[in-house]
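Shown below: work_25.tsv, with TSV, C-alpha atoms.
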```tsv
chain	number	residue	atom	x	y	z
F	8	MET	CA	-98.07	153.02	139.93
F	9	GLY	CA	-94.44	151.97	139.94
F	10	GLY	CA	-92.17	151.94	136.93
F	11	LYS	CA	-91.42	149.02	134.69
F	12	LYS	CA	-89.19	146.26	136.11
F	13	ALA	CA	-86.70	144.02	134.33
F	14	VAL	CA	-84.62	140.95	135.13
F	15	VAL	CA	-81.37	140.21	133.32
F	16	ALA	CA	-80.22	136.63	133.89
F	17	GLY	CA	-77.74	134.09	132.59
F	18	HIS	CA	-74.04	134.27	131.85
F	19	ILE	CA	-71.58	136.38	133.84
F	20	CYS	CA	-67.80	136.31	134.06
F	21	ILE	CA	-64.62	138.31	134.59
F	22	ASP	CA	-62.95	139.57	131.41
F	23	ILE	CA	-59.17	139.92	131.46
F	24	THR	CA	-57.96	141.90	128.46
F	25	PRO	CA	-54.20	142.38	128.01
F	26	VAL	CA	-53.48	145.59	126.09
F	27	PHE	CA	-51.39	144.92	122.98
F	28	PRO	CA	-49.18	147.59	121.36
F	29	ASP	CA	-51.24	149.67	118.94
F	30	ARG	CA	-49.69	148.27	115.78
F	31	PRO	CA	-51.98	146.44	113.31
F	32	GLN	CA	-50.94	142.84	112.65
F	33	PRO	CA	-51.58	140.93	109.40
F	34	ASP	CA	-52.51	137.70	111.22
F	35	VAL	CA	-52.39	135.99	114.60
F	36	GLY	CA	-49.22	134.05	113.76
F	37	SER	CA	-47.25	137.24	113.28
F	38	ILE	CA	-47.50	138.05	116.97
F	39	LEU	CA	-48.45	134.85	118.84
F	40	THR	CA	-45.53	132.55	118.10
F	41	PRO	CA	-43.86	130.05	120.49
F	42	GLY	CA	-40.95	131.52	122.44
F	43	LYS	CA	-41.71	135.12	121.50
F	44	LEU	CA	-41.71	137.84	124.19
F	45	ILE	CA	-44.40	140.48	123.64
F	46	HIS	CA	-44.20	143.75	125.57
F	47	MET	CA	-47.73	144.66	126.66
F	48	GLN	CA	-49.21	148.01	127.64
F	49	GLY	CA	-51.29	147.19	130.69
F	50	VAL	CA	-54.39	145.07	131.27
F	51	ASN	CA	-58.11	145.72	131.66
F	52	VAL	CA	-60.05	143.62	134.18
F	53	HIS	CA	-63.82	144.04	134.26
F	54	THR	CA	-67.08	142.11	134.40
F	55	GLY	CA	-68.38	140.49	131.24
F	56	GLY	CA	-71.23	138.32	130.03
F	57	ALA	CA	-74.86	139.20	129.37
F	58	VAL	CA	-75.76	139.82	133.01
F	59	ALA	CA	-73.04	142.40	133.56
F	60	ASN	CA	-73.01	143.95	130.08
F	61	THR	CA	-76.76	144.34	129.58
F	62	GLY	CA	-77.78	144.49	133.23
F	63	LEU	CA	-75.35	147.22	134.26
F	64	ALA	CA	-76.07	149.22	131.10
F	65	MET	CA	-79.77	149.20	132.00
F	66	LYS	CA	-78.92	150.07	135.60
F	67	LYS	CA	-76.82	153.05	134.51
F	68	LEU	CA	-79.69	154.25	132.32
F	69	GLY	CA	-81.95	154.32	135.38
F	70	CYS	CA	-83.92	151.10	134.84
F	71	ASP	CA	-85.32	149.11	137.76
F	72	VAL	CA	-83.42	145.91	136.94
F	73	SER	CA	-82.39	142.81	138.91
F	74	LEU	CA	-79.25	140.89	137.89
F	75	MET	CA	-79.30	137.11	138.33
F	76	GLY	CA	-76.12	135.20	137.54
F	77	LYS	CA	-73.98	132.62	139.30
F	78	VAL	CA	-70.41	132.98	140.60
F	79	GLY	CA	-68.16	130.91	142.81
F	80	ARG	CA	-66.98	131.75	146.31
F	81	ASP	CA	-63.52	132.67	145.04
F	82	ASP	CA	-61.38	135.71	144.18
F	83	PHE	CA	-62.95	136.20	140.75
F	84	GLY	CA	-66.41	135.90	142.27
F	85	ALA	CA	-65.52	138.57	144.84
F	86	LEU	CA	-64.41	140.87	142.01
F	87	VAL	CA	-67.72	140.35	140.18
F	88	LEU	CA	-69.81	141.06	143.28
F	89	GLN	CA	-67.69	144.11	144.16
F	90	ALA	CA	-68.18	145.54	140.66
F	91	LEU	CA	-71.96	144.98	140.78
F	92	ALA	CA	-72.24	146.35	144.33
F	93	GLN	CA	-71.02	149.75	143.11
F	94	TYR	CA	-74.37	150.04	141.34
F	95	GLY	CA	-76.47	148.28	143.98
F	96	ALA	CA	-76.86	145.34	141.59
F	97	ASP	CA	-75.41	142.42	143.58
F	98	GLN	CA	-78.39	141.49	145.78
F	99	ASP	CA	-79.89	138.82	143.47
F	100	MET	CA	-76.64	137.12	142.45
F	101	ILE	CA	-76.14	133.44	143.27
F	102	VAL	CA	-72.91	132.37	145.02
F	103	ASP	CA	-72.08	128.66	144.73
F	104	ALA	CA	-69.21	127.50	146.95
F	105	ARG	CA	-68.85	124.32	144.85
F	106	ALA	CA	-68.30	126.19	141.58
F	107	SER	CA	-65.58	128.44	140.18
F	108	THR	CA	-66.30	131.85	138.72
F	109	SER	CA	-66.24	132.07	134.93
F	110	TYR	CA	-63.49	134.07	133.24
F	111	SER	CA	-62.41	135.09	129.75
F	112	VAL	CA	-58.97	136.13	128.57
F	113	VAL	CA	-59.67	138.45	125.64
F	114	LEU	CA	-56.90	138.77	123.06
F	115	ALA	CA	-57.73	142.02	121.26
F	116	ILE	CA	-54.84	142.22	118.79
F	117	PRO	CA	-54.98	145.36	116.60
F	118	GLY	CA	-56.15	144.51	113.09
F	119	ILE	CA	-57.44	141.05	114.05
F	120	ASP	CA	-60.85	139.93	115.31
F	121	ARG	CA	-60.86	139.27	119.05
F	122	ILE	CA	-59.91	135.82	120.40
F	123	PHE	CA	-61.59	134.61	123.61
F	124	LEU	CA	-60.05	132.04	125.97
F	125	HIS	CA	-63.12	131.19	128.02
F	126	ASP	CA	-63.89	129.06	131.07
F	127	SER	CA	-67.66	128.86	131.65
F	128	GLY	CA	-67.19	127.92	135.31
F	129	ALA	CA	-70.31	128.43	137.43
F	130	ASN	CA	-72.40	129.20	134.33
F	131	ASP	CA	-72.32	125.49	133.44
F	132	CYS	CA	-74.24	124.54	136.60
F	133	PHE	CA	-76.74	127.41	136.38
F	134	THR	CA	-80.32	126.08	136.06
F	135	CYS	CA	-83.88	127.36	136.22
F	136	ALA	CA	-83.93	126.41	139.91
F	137	ASN	CA	-81.33	129.11	140.63
F	138	LEU	CA	-83.66	131.91	139.60
F	139	ASP	CA	-85.94	133.83	141.96
F	140	MET	CA	-89.04	133.06	139.92
F	141	GLU	CA	-91.31	135.16	142.11
F	142	LYS	CA	-89.23	138.22	141.26
F	143	VAL	CA	-89.12	137.16	137.59
F	144	ARG	CA	-92.93	136.89	137.46
F	145	ARG	CA	-93.25	140.44	138.82
F	146	ALA	CA	-91.04	141.82	136.04
F	147	ASP	CA	-92.17	143.34	132.76
F	148	LEU	CA	-89.10	142.14	130.81
F	149	PHE	CA	-86.88	139.07	131.20
F	150	HIS	CA	-83.60	139.15	129.28
F	151	PHE	CA	-81.58	135.91	129.10
F	152	GLY	CA	-78.07	135.34	127.66
F	153	TYR	CA	-75.87	133.47	126.68
F	154	PRO	CA	-77.16	129.86	126.42
F	155	PRO	CA	-74.26	128.71	124.15
F	156	LEU	CA	-71.97	129.29	127.16
F	157	MET	CA	-74.23	127.60	129.73
F	158	LYS	CA	-74.20	123.80	129.57
F	159	GLN	CA	-77.56	123.10	131.20
F	160	PHE	CA	-79.33	125.25	128.61
F	161	TYR	CA	-77.98	123.63	125.44
F	162	ARG	CA	-77.81	119.98	126.54
F	163	ASN	CA	-80.76	117.66	125.82
F	164	ASP	CA	-81.69	119.78	122.78
F	165	GLY	CA	-82.34	122.82	124.97
F	166	ARG	CA	-85.06	121.39	127.21
F	167	GLU	CA	-84.00	123.54	130.19
F	168	LEU	CA	-83.96	126.65	128.00
F	169	GLU	CA	-87.42	125.91	126.64
F	170	THR	CA	-88.75	125.27	130.15
F	171	LEU	CA	-87.34	128.56	131.41
F	172	LEU	CA	-88.57	130.72	128.56
F	173	ARG	CA	-92.00	129.07	128.45
F	174	THR	CA	-92.48	129.53	132.20
F	175	VAL	CA	-91.58	133.21	132.01
F	176	LYS	CA	-93.65	133.88	128.90
F	177	GLU	CA	-96.71	132.12	130.31
F	178	ALA	CA	-96.40	134.37	133.37
F	179	GLY	CA	-97.07	137.33	131.06
F	180	VAL	CA	-93.50	138.65	131.01
F	181	ALA	CA	-91.87	139.82	127.76
F	182	VAL	CA	-88.86	137.65	126.88
F	183	SER	CA	-85.59	138.71	125.24
F	184	LEU	CA	-82.94	136.15	124.22
F	185	ASP	CA	-79.29	136.91	123.48
F	186	LEU	CA	-76.87	134.42	121.92
F	187	ALA	CA	-73.07	134.18	121.89
F	188	ALA	CA	-70.40	132.84	119.57
F	189	VAL	CA	-69.94	129.05	119.70
F	190	ASP	CA	-66.65	127.15	119.69
F	191	ALA	CA	-67.21	124.52	117.01
F	192	THR	CA	-64.92	122.03	118.83
F	193	SER	CA	-66.71	122.34	122.18
F	194	ASP	CA	-69.72	120.45	123.53
F	195	ALA	CA	-71.85	123.46	122.61
F	196	GLY	CA	-70.53	123.27	119.06
F	197	GLN	CA	-71.84	119.73	118.76
F	198	ALA	CA	-75.32	120.63	120.02
F	199	ASN	CA	-78.29	120.66	117.64
F	200	TRP	CA	-78.84	124.41	117.58
F	201	GLN	CA	-81.56	124.30	114.96
F	202	ARG	CA	-83.58	122.06	117.27
F	203	ILE	CA	-82.74	124.23	120.30
F	204	LEU	CA	-83.97	127.37	118.53
F	205	GLU	CA	-87.11	125.58	117.34
F	206	ARG	CA	-87.95	124.84	120.96
F	207	ALA	CA	-86.94	128.22	122.41
F	208	LEU	CA	-88.05	130.87	119.93
F	209	PRO	CA	-91.85	130.36	120.22
F	210	TRP	CA	-91.48	131.81	123.74
F	211	VAL	CA	-89.27	134.77	122.75
F	212	ASP	CA	-90.41	138.31	121.91
F	213	PHE	CA	-87.04	139.93	121.11
F	214	PHE	CA	-84.27	138.03	119.31
F	215	VAL	CA	-81.49	139.86	117.46
F	216	PRO	CA	-78.48	137.52	117.05
F	217	SER	CA	-75.42	138.38	114.99
F	218	ALA	CA	-75.27	137.03	111.45
F	219	GLU	CA	-72.27	134.87	112.40
F	220	GLU	CA	-73.98	133.30	115.42
F	221	LEU	CA	-77.14	132.48	113.51
F	222	CYS	CA	-75.29	131.16	110.45
F	223	PHE	CA	-73.20	128.81	112.62
F	224	MET	CA	-76.37	127.39	114.16
F	225	LEU	CA	-78.51	127.08	111.03
F	226	ASP	CA	-76.05	126.68	108.14
F	227	PRO	CA	-72.66	125.36	109.38
F	228	LEU	CA	-71.27	124.78	105.88
F	229	ARG	CA	-71.93	128.37	104.88
F	230	TYR	CA	-70.37	129.51	108.15
F	231	GLU	CA	-67.22	127.47	107.47
F	232	ASP	CA	-67.00	129.16	104.06
F	233	TRP	CA	-67.25	132.59	105.71
F	234	VAL	CA	-64.42	131.70	108.11
F	235	ARG	CA	-62.27	130.42	105.25
F	236	ARG	CA	-62.83	133.57	103.20
F	237	ALA	CA	-62.12	135.82	106.20
F	238	ALA	CA	-58.67	134.17	106.46
F	239	GLY	CA	-58.09	135.05	110.10
F	240	ARG	CA	-59.70	138.50	109.94
F	241	ASP	CA	-63.09	139.47	111.37
F	242	GLU	CA	-65.56	136.71	110.37
F	243	ALA	CA	-67.95	139.34	109.02
F	244	GLU	CA	-65.46	139.95	106.19
F	245	GLY	CA	-66.17	136.42	104.99
F	246	PHE	CA	-69.66	137.28	103.77
F	247	LEU	CA	-68.78	140.62	102.19
F	248	PRO	CA	-68.67	140.72	98.38
F	249	GLN	CA	-65.34	139.49	97.06
F	250	GLY	CA	-63.16	141.31	94.53
```
Structure rendered as structure tokens:
Amino acid sequence: MGGKKAVVAGHICIDITPVFPDRPQPDVGSILTPGKLIHMQGVNVHTGGAVANTGLAMKKLGCDVSLMGKVGRDDFGALVLQALAQYGADQDMIVDARASTSYSVVLAIPGIDRIFLHDSGANDCFTCANLDMEKVRRADLFHFGYPPLMKQFYRNDGRELETLLRTVKEAGVAVSLDLAAVDATSDAGQANWQRILERALPWVDFFVPSAEELCFMLDPLRYEDWVRRAAGRDEAEGFLPQG
């Protein structure tokens, strides 16, 4: 008998992370001000998103895993495919000539929680139809992330997400769902996440979101209070005991 098989699908991008000087800053405004010149210390460019992060980690650990994400036929897309090809993990990727590859600029300022400048790109036109469902049905585990950064999976109260997860679960495959932080001012931030989760979670076996992600979706007022109390620091500091 062969070993267990997994599919990791969903969001993928290129992460561009400028390296700031290693000096803790009290707040964002102390370093990111108009007209200021900041001397950097290099840049890291690597794949990001659930498909690359989780998929390649599983690949490196020796798992039989297929990676299914969508990129454009552009320079960023070529970088993604090149990075995955080093591990023999590019065969099941989808290349869409009409879309642009997703990217994030990650501002990791010492002493301040990371800031992400994100373009969802090809992830926004990713749908169930893009997946090789025959290969998914032959898997033992299907891991999907990040629907908050994939327009087709949060629009219409998550109908596409429910359809995907139900189809996979009914095929007898274990389902894992990973979330992502949501920009409150974006289209995703205006979605009814409580309704989306109500539709999706009956078909999910493994679901371990961060406290911040889940609070934003289920209790926005409490989340706003956490952000206020964090005062520009890591949001997790907002729900720690005060005093």
Report the closest atom pair, with its distance in Å rounded to one decimal, for each residue of stretch 17-67 of chain F that has an atom no farther than 12 Å from stretch 168-187 of chain F; count only C-alpha atoms, sort by chain and then rising residue number, and write it as CSV.
```
residue,atom,partner,partner_atom,distance
F:Gly17,CA,F:Asp185,CA,9.7
F:His18,CA,F:Ala187,CA,10.0
F:Gly56,CA,F:Ala187,CA,9.3
F:Ala57,CA,F:Asp185,CA,7.7
F:Val58,CA,F:Asp185,CA,10.6
F:Asn60,CA,F:Asp185,CA,11.5
F:Thr61,CA,F:Asp185,CA,9.9
```
Inset, instruction - For stretch 119-132 of chain F, work out the shell of residues within 9 Å, counting all atoms listed in the file and skipping chain neighbours fewer than 2 positions away, then give it as a PyMOL selection string. - result: chain F and resi 17-20+31-35+76-79+102-103+105-117+134+156-160+239-242
Inset, instruction - Grab the atom CA of F:Ala96 to atom CA of F:Asp71 distance for me, in Å with one decimal place. - result: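 Here the two named atoms are 10.0 Å from each other.
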Inset, instruction - Record the distance separating atom CA of F:Gly69 and atom CA of F:Asn51, expressed in Å with one decimal. - result: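 Pair atom CA of F:Gly69 / atom CA of F:Asn51 returns 25.6 Å.
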Legend entry - Point-to-point distance from atom CA of F:Val234 to atom CA of F:Leu221, Å rounded to tenths: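 We find that atom CA of F:Val234 and atom CA of F:Leu221 lie 13.8 Å from each other.
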Each side padded by 3 Å, which centre and which edge lengths in Å (one decimal) define the axis-aligned box around the listed atoms of stretch 47-59 of chain F? Give them as lines of an AutoDock Vina configuration file.
```
center_x = -61.7
center_y = 143.2
center_z = 130.5
size_x = 34.0
size_y = 15.7
size_z = 13.7
```
